[in-house]
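A.B. asks: Got my_file26.txt for you, compact mmCIF, C-alpha atoms and all ligand atoms:
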```txt
# COMPACT_ATOMS: atom_id res chain seq x y z
CA MET A 11 13.27 24.39 22.93
CA LEU A 12 12.85 23.06 19.40
CA ALA A 13 11.31 19.91 20.84
CA ASP A 14 8.84 22.11 22.74
CA ASN A 15 7.92 23.94 19.53
CA LEU A 16 7.34 20.63 17.80
CA GLU A 17 5.22 19.34 20.62
CA LEU A 18 3.10 22.48 20.50
CA VAL A 19 2.61 22.20 16.73
CA HIS A 20 1.59 18.55 17.06
CA LYS A 21 -0.81 19.48 19.85
CA ASN A 22 -2.34 22.26 17.73
CA ILE A 23 -2.73 19.81 14.84
CA ARG A 24 -4.50 17.29 17.09
CA GLU A 25 -6.81 20.00 18.42
CA ALA A 26 -7.64 21.31 14.95
CA CYS A 27 -8.42 17.74 13.85
CA THR A 28 -10.67 17.23 16.85
CA SER A 29 -12.52 20.46 16.26
CA ALA A 30 -13.03 19.47 12.61
CA GLY A 31 -14.15 15.96 13.50
CA ARG A 32 -11.13 14.48 11.75
CA SER A 33 -8.66 11.86 12.90
CA ALA A 34 -5.19 13.24 13.72
CA ASP A 35 -3.52 10.60 11.56
CA GLU A 36 -5.12 12.15 8.47
CA VAL A 37 -2.70 15.07 8.72
CA THR A 38 1.05 14.89 8.10
CA LEU A 39 3.32 17.60 9.44
CA ILE A 40 6.06 18.67 7.07
CA ALA A 41 8.86 20.35 9.02
CA VAL A 42 10.01 23.13 6.71
CA SER A 43 13.72 23.39 7.39
CA LYS A 44 14.87 25.71 4.58
CA THR A 45 17.82 27.98 5.53
CA LYS A 46 18.27 26.05 8.81
CA PRO A 47 21.48 24.19 9.67
CA VAL A 48 21.65 20.40 9.86
CA GLU A 49 22.23 20.59 13.62
CA LEU A 50 18.72 22.00 14.05
CA LEU A 51 17.24 19.45 11.66
CA MET A 52 18.88 16.76 13.78
CA GLU A 53 17.19 18.17 16.88
CA ALA A 54 13.87 17.74 15.12
CA TYR A 55 14.92 14.29 13.93
CA ASP A 56 15.85 13.26 17.46
CA ALA A 57 12.43 14.47 18.61
CA GLY A 58 10.89 12.05 16.11
CA GLU A 59 10.39 14.10 12.91
CA ARG A 60 11.10 12.27 9.67
CA VAL A 61 9.41 14.47 7.07
CA PHE A 62 11.23 17.65 6.05
CA GLY A 63 10.36 20.32 3.48
CA GLU A 64 12.92 22.29 1.50
CA ASN A 65 12.56 24.78 -1.34
CA LYS A 66 16.02 24.74 -2.98
CA VAL A 67 17.62 21.94 -4.97
CA GLN A 68 21.15 22.61 -3.71
CA GLU A 69 19.99 22.64 -0.11
CA ILE A 70 18.18 19.31 -0.49
CA MET A 71 21.30 17.77 -2.02
CA ASP A 72 23.54 18.99 0.80
CA LYS A 73 21.18 17.99 3.58
CA TYR A 74 20.31 14.68 1.93
CA ASP A 75 23.93 13.60 2.27
CA ARG A 76 24.24 14.77 5.84
CA MET A 77 20.97 13.55 7.36
CA PRO A 78 19.93 9.94 8.18
CA SER A 79 18.61 7.97 5.25
CA ASP A 80 15.10 7.46 6.67
CA VAL A 81 14.28 11.16 6.28
CA LYS A 82 11.62 11.88 3.68
CA TRP A 83 12.35 15.05 1.73
CA HIS A 84 9.53 17.10 0.24
CA MET A 85 10.34 19.65 -2.44
CA ILE A 86 8.02 22.58 -1.81
CA GLY A 87 9.65 25.42 -3.77
CA HIS A 88 9.66 26.51 -7.40
CA LEU A 89 11.67 23.93 -9.35
CA GLN A 90 13.74 24.80 -12.41
CA ARG A 91 13.57 22.18 -15.14
CA ASN A 92 17.33 21.85 -15.53
CA LYS A 93 17.64 20.89 -11.85
CA VAL A 94 15.01 18.16 -11.75
CA LYS A 95 17.62 15.48 -12.43
CA TYR A 96 19.51 16.27 -9.22
CA ILE A 97 16.65 15.55 -6.85
CA ILE A 98 14.30 13.23 -8.72
CA ASP A 99 15.53 10.15 -6.84
CA LYS A 100 16.06 11.96 -3.53
CA VAL A 101 12.61 13.38 -2.78
CA ALA A 102 9.47 11.62 -1.59
CA MET A 103 7.17 14.17 -3.21
CA ILE A 104 7.29 17.34 -5.32
CA HIS A 105 4.59 19.77 -4.14
CA SER A 106 5.36 22.54 -6.59
CA VAL A 107 4.51 21.34 -10.09
CA ASP A 108 3.46 24.60 -11.69
CA SER A 109 3.70 24.11 -15.46
CA LEU A 110 3.20 21.49 -18.14
CA ARG A 111 6.83 21.85 -19.20
CA LEU A 112 8.01 21.06 -15.68
CA ALA A 113 5.71 18.01 -15.53
CA GLN A 114 7.16 16.82 -18.85
CA THR A 115 10.71 17.16 -17.55
CA ILE A 116 9.88 15.31 -14.32
CA GLU A 117 8.26 12.54 -16.38
CA GLN A 118 11.38 12.22 -18.56
CA GLU A 119 13.85 12.22 -15.68
CA ALA A 120 11.75 9.74 -13.67
CA ALA A 121 11.57 7.47 -16.71
CA LYS A 122 15.38 7.54 -17.01
CA LYS A 123 15.66 6.30 -13.43
CA ASP A 124 12.73 3.92 -13.83
CA ILE A 125 10.84 5.42 -10.90
CA CYS A 126 7.36 6.81 -10.35
CA ILE A 127 7.37 10.09 -8.45
CA PRO A 128 4.51 11.43 -6.32
CA ILE A 129 3.63 15.01 -7.24
CA LEU A 130 1.13 17.70 -6.33
CA VAL A 131 -0.21 20.42 -8.58
CA GLU A 132 0.49 23.90 -7.23
CA VAL A 133 -2.54 26.15 -7.46
CA ASN A 134 -2.41 29.93 -7.14
CA VAL A 135 -5.90 30.16 -5.67
CA ALA A 136 -5.70 33.87 -4.85
CA GLU A 137 -4.20 34.63 -8.29
CA GLU A 138 -1.38 36.63 -6.76
CA GLU A 139 0.99 38.02 -9.40
CA SER A 140 4.05 37.19 -7.32
CA LYS A 141 3.24 33.50 -6.96
CA PHE A 142 3.80 30.43 -9.07
CA GLY A 143 1.06 27.91 -9.74
CA PHE A 144 -1.89 27.25 -11.99
CA HIS A 145 -5.01 29.33 -11.77
CA MET A 146 -8.04 27.29 -10.65
CA ASN A 147 -9.52 27.04 -14.13
CA GLU A 148 -6.27 25.69 -15.61
CA VAL A 149 -5.95 22.69 -13.32
CA ILE A 150 -8.36 20.22 -14.94
CA PRO A 151 -7.04 20.83 -18.49
CA PHE A 152 -3.52 20.31 -17.12
CA LEU A 153 -4.51 17.05 -15.41
CA GLU A 154 -6.06 15.78 -18.61
CA GLU A 155 -2.76 16.45 -20.39
CA VAL A 156 -0.60 14.63 -17.84
CA SER A 157 -2.88 11.73 -16.97
CA GLY A 158 -1.00 9.58 -19.46
CA PHE A 159 2.40 10.27 -17.87
CA SER A 160 3.28 6.88 -16.40
CA HIS A 161 6.18 8.05 -14.22
CA LEU A 162 4.14 10.67 -12.37
CA LYS A 163 1.85 9.75 -9.52
CA ILE A 164 -0.48 12.73 -9.25
CA MET A 165 -1.67 12.71 -5.66
CA GLY A 166 -3.38 16.04 -5.10
CA LEU A 167 -3.11 19.80 -4.86
CA MET A 168 -0.94 22.32 -3.04
CA THR A 169 -1.38 26.03 -2.42
CA ILE A 170 0.55 28.80 -0.73
CA ALA A 171 -2.05 31.12 0.74
CA PRO A 172 -1.43 34.87 0.98
CA PHE A 173 0.44 36.27 3.95
CA VAL A 174 -2.25 37.64 6.27
CA ASP A 175 -2.49 38.80 9.87
CA ASP A 176 -5.67 36.90 10.63
CA PRO A 177 -5.69 33.25 9.46
CA GLU A 178 -9.47 33.46 9.05
CA GLU A 179 -8.78 35.57 5.96
CA ASN A 180 -7.38 32.46 4.28
CA ARG A 181 -10.26 30.11 5.13
CA ASP A 182 -11.95 30.79 1.83
CA ILE A 183 -8.73 30.01 -0.09
CA PHE A 184 -8.45 26.62 1.63
CA ARG A 185 -12.14 25.92 1.05
CA LYS A 186 -11.73 26.67 -2.65
CA LEU A 187 -8.78 24.30 -3.00
CA LYS A 188 -10.71 21.54 -1.21
CA LYS A 189 -13.70 22.08 -3.47
CA LEU A 190 -11.49 21.92 -6.55
CA SER A 191 -10.03 18.60 -5.37
CA VAL A 192 -13.54 17.20 -4.86
CA ASP A 193 -14.59 18.40 -8.32
CA ILE A 194 -11.54 16.70 -9.82
CA GLU A 195 -12.25 13.45 -7.97
CA THR A 196 -15.75 13.27 -9.41
CA LYS A 197 -14.28 13.47 -12.93
CA ASN A 198 -12.42 10.18 -12.41
CA ILE A 199 -9.49 11.15 -14.60
CA ASN A 200 -7.20 8.23 -15.31
CA ASN A 201 -4.08 8.05 -13.09
CA ILE A 202 -5.17 11.04 -10.96
CA THR A 203 -5.96 10.74 -7.25
CA MET A 204 -6.79 13.60 -4.92
CA SER A 205 -5.77 12.10 -1.60
CA VAL A 206 -3.39 14.91 -0.65
CA LEU A 207 -4.17 18.56 0.06
CA SER A 208 -0.98 20.41 1.01
CA MET A 209 -2.06 23.70 2.56
CA GLY A 210 -1.42 25.70 5.70
CA MET A 211 1.79 27.22 7.09
CA THR A 212 2.80 28.56 10.51
CA GLY A 213 0.24 31.36 10.45
CA ASP A 214 -2.77 29.38 9.32
CA TYR A 215 -2.34 25.59 9.54
CA GLN A 216 -5.15 25.08 12.03
CA VAL A 217 -7.62 26.80 9.70
CA ALA A 218 -6.25 24.77 6.77
CA ILE A 219 -6.82 21.54 8.73
CA GLU A 220 -10.39 22.56 9.51
CA GLU A 221 -10.88 22.97 5.75
CA GLY A 222 -9.39 19.61 4.81
CA ALA A 223 -5.58 19.86 4.67
CA THR A 224 -3.81 16.48 4.78
CA MET A 225 -0.31 18.00 4.79
CA VAL A 226 0.67 21.17 6.60
CA ARG A 227 4.03 22.83 5.94
CA VAL A 228 5.32 24.49 9.10
CA GLY A 229 8.71 26.20 9.29
CA THR A 230 8.82 29.20 11.62
CA GLY A 231 6.59 27.55 14.19
CA ILE A 232 9.17 24.76 14.62
CA PHE A 233 12.57 26.24 13.78
CA GLY A 234 12.02 29.92 14.56
CA ALA A 235 12.26 32.91 12.24
CA ARG A 236 14.50 32.61 9.18
CA ASN A 237 17.40 34.95 8.58
CA TYR A 238 17.99 35.45 4.88
CA SER A 239 20.82 37.95 5.30
CA ILE A 240 23.49 35.41 6.27
C1 LIG B 301 8.78 28.55 3.74
C2 LIG B 301 7.60 27.79 3.31
C3 LIG B 301 6.69 27.26 4.24
C4 LIG B 301 6.80 27.45 5.74
O1 LIG B 301 6.53 28.77 6.08
P1 LIG B 301 6.38 29.20 7.62
O2 LIG B 301 5.52 30.41 7.58
O3 LIG B 301 7.74 29.46 8.14
O4 LIG B 301 5.71 28.08 8.34
C5 LIG B 301 5.63 26.53 3.75
N1 LIG B 301 5.45 26.32 2.44
C6 LIG B 301 6.30 26.80 1.52
C7 LIG B 301 6.06 26.53 0.08
C8 LIG B 301 7.39 27.55 1.91
O5 LIG B 301 8.24 28.04 0.98
```
What does this structure look like when you write it as structure tokens?

C.D. replies:
Amino acid sequence: MLADNLELVHKNIREACTSAGRSADEVTLIAVSKTKPVELLMEAYDAGERVFGENKVQEIMDKYDRMPSDVKWHMIGHLQRNKVKYIIDKVAMIHSVDSLRLAQTIEQEAAKKDICIPILVEVNVAEEESKFGFHMNEVIPFLEEVSGFSHLKIMGLMTIAPFVDDPEENRDIFRKLKKLSVDIETKNINNITMSVLSMGMTGDYQVAIEEGATMVRVGTGIFGARNYSI
């Protein structure tokens, strides 16, 4: 059942790549396993998945200890500065860098462990009040501030698009994030690459891929609906 879901998501990704004239290996699926038990993660693991997305520090720590060591964990949720130290050496990438203060803390904690951590800048493209992330016009000034941080590897941008019924409604959001990443690339800021665009979730990942996503974060489409009441 879960393996069937996964197969369908991979098939949809391949088809979206084909329709966009892109190669399927340009897009990485992040299996968003938040709230789901390790048994289900293991089903995905046994079906071949190695890249998992989580949005809570405690949950990453628990699952990190209980899952095989070749899993790559991606932190995709809002990260409190006092918790950075718990996951800094456990995650492959932090998608949700949403303030200069957080970037400073990540830099300090990574320096303590003598590591360089891949990060993405979260952008609130639609400027929704309820969401974290930089507004579009704040991103380049932020990048100029952090380009000297030697323990951050700034790899690209991430956005959480609005919840919509028709994924076409988010096409413009994805297009805007892609354009911003191209604009940033042309500025050639020291230590900044724009090779990753993390955008697209269960409802809209095919559209995101057509607009240039290199990472899609799919939860419900793989693991089923989440139940937050338990
Ligand atoms: C939960 C979550 C997802 C996955 O959402 P689905 O709609 O279940 O695919 C993706 N990105 C982030 C940041 C999330 O918190």

A.B. asks: How would you write, as a PyMOL selection string, the set of residues no farther than 10 Å from ligand LIG 301 (chain B) when counting only C-alpha atoms and all ligand atoms?

C.D. replies: chain A and resi 40-45+63-66+85-88+105-106+132+168-171+173+208-215+226-236

A.B. asks: Measuring atom to atom with only C-alpha atoms, identify which of A:Pro172, A:Gly58, A:Pro151, A:Pro177 is nearest to Val81 (chain A).

C.D. replies: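 Of the candidates, the smallest distance to Val81 (chain A) is held by A:Gly58.
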
A.B. asks: CA of Ala30 (chain A) and CA of Phe184 (chain A) are how many Å apart?

C.D. replies: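 Taking CA of Ala30 (chain A) and CA of Phe184 (chain A), their separation equals 13.9 Å.
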
A.B. asks: Rank nothing, just name the residue among A:Lys123, A:Lys189, A:Arg181, A:His161 nearest to Ile219 (chain A), using all atoms listed in the file.

C.D. replies: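 Distance minimum relative to Ile219 (chain A) lands on A:Arg181.
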
A.B. asks: Would you pick out the contacts of Phe142 (chain A) at 8 Å or less, using only C-alpha atoms, so that residues sharing its chain but fewer than 2 positions from it are not included, and give the list as a PDB file with C-alpha atoms, in the coordinates of the input?

C.D. replies:
```pdb
ATOM      1  CA  HIS A  88       9.660  26.510  -7.400  1.00  0.00           C
ATOM      2  CA  ASP A 108       3.460  24.600 -11.690  1.00  0.00           C
ATOM      3  CA  GLU A 132       0.490  23.900  -7.230  1.00  0.00           C
ATOM      4  CA  VAL A 133      -2.540  26.150  -7.460  1.00  0.00           C
ATOM      5  CA  ASN A 134      -2.410  29.930  -7.140  1.00  0.00           C
ATOM      6  CA  SER A 140       4.050  37.190  -7.320  1.00  0.00           C
ATOM      7  CA  PHE A 144      -1.890  27.250 -11.990  1.00  0.00           C
TER       8      PHE A 144
END
```

A.B. asks: For the point (18.3, 26.6, 24.2) in the file's frame, write as a PyMOL selection string all residues with an atom no more than 12 Å away, counting all atoms listed in the file.

C.D. replies: chain A and resi 11-15+50+53+233-234

A.B. asks: Using C-alpha atoms, can you write the selected residues to a file as a JSON list (two decimals), in the coordinates of the input?

C.D. replies:
```json
[["chain", "number", "residue", "atom", "x", "y", "z"],
["A", 11, "MET", "CA", 13.27, 24.39, 22.93],
["A", 12, "LEU", "CA", 12.85, 23.06, 19.40],
["A", 13, "ALA", "CA", 11.31, 19.91, 20.84],
["A", 14, "ASP", "CA", 8.84, 22.11, 22.74],
["A", 15, "ASN", "CA", 7.92, 23.94, 19.53],
["A", 50, "LEU", "CA", 18.72, 22.00, 14.05],
["A", 53, "GLU", "CA", 17.19, 18.17, 16.88],
["A", 233, "PHE", "CA", 12.57, 26.24, 13.78],
["A", 234, "GLY", "CA", 12.02, 29.92, 14.56]]
```

A.B. asks: Can you measure CA of Glu59 (chain A) to CA of Leu187 (chain A) for me? One decimal in Å is fine.

C.D. replies: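 Separation between CA of Glu59 (chain A) and CA of Leu187 (chain A): 26.9 Å.
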
A.B. asks: Report, in Å with one decimal, the straight-line distance from CA of Glu195 (chain A) to CA of Ser157 (chain A).

C.D. replies: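 Interatomic distance, CA of Glu195 (chain A) to CA of Ser157 (chain A): 13.1 Å.
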
A.B. asks: Just want the 9 Å neighbourhood of Cys126 (chain A), counted on all atoms listed in the file, with same-chain residues fewer than 6 positions away dropped. Output as an mmCIF file with C-alpha atoms, in the frame of the given file.

C.D. replies:
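Final file, part_5.cif:
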```cif
data_model
loop_
_atom_site.group_PDB
_atom_site.id
_atom_site.type_symbol
_atom_site.label_atom_id
_atom_site.label_comp_id
_atom_site.auth_asym_id
_atom_site.auth_seq_id
_atom_site.Cartn_x
_atom_site.Cartn_y
_atom_site.Cartn_z
ATOM 1 C CA GLU A 117 8.260 12.540 -16.380
ATOM 2 C CA ALA A 120 11.750 9.740 -13.670
ATOM 3 C CA SER A 160 3.280 6.880 -16.400
ATOM 4 C CA HIS A 161 6.180 8.050 -14.220
ATOM 5 C CA LEU A 162 4.140 10.670 -12.370
ATOM 6 C CA LYS A 163 1.850 9.750 -9.520
#
```

A.B. asks: Taking all atoms listed in the file into account, which of A:Met103, A:Arg111, A:Glu178, A:Val61 comes nearest Ile164 (chain A)?

C.D. replies: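 With all atoms listed in the file as the atom set, the closest residue is A:Met103.
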
A.B. asks: Determine the nearest neighbour of Met165 (chain A) from the options A:Asn200, A:Gln216, A:Ser205, A:Gln114, counting only C-alpha atoms.

C.D. replies: A:Ser205
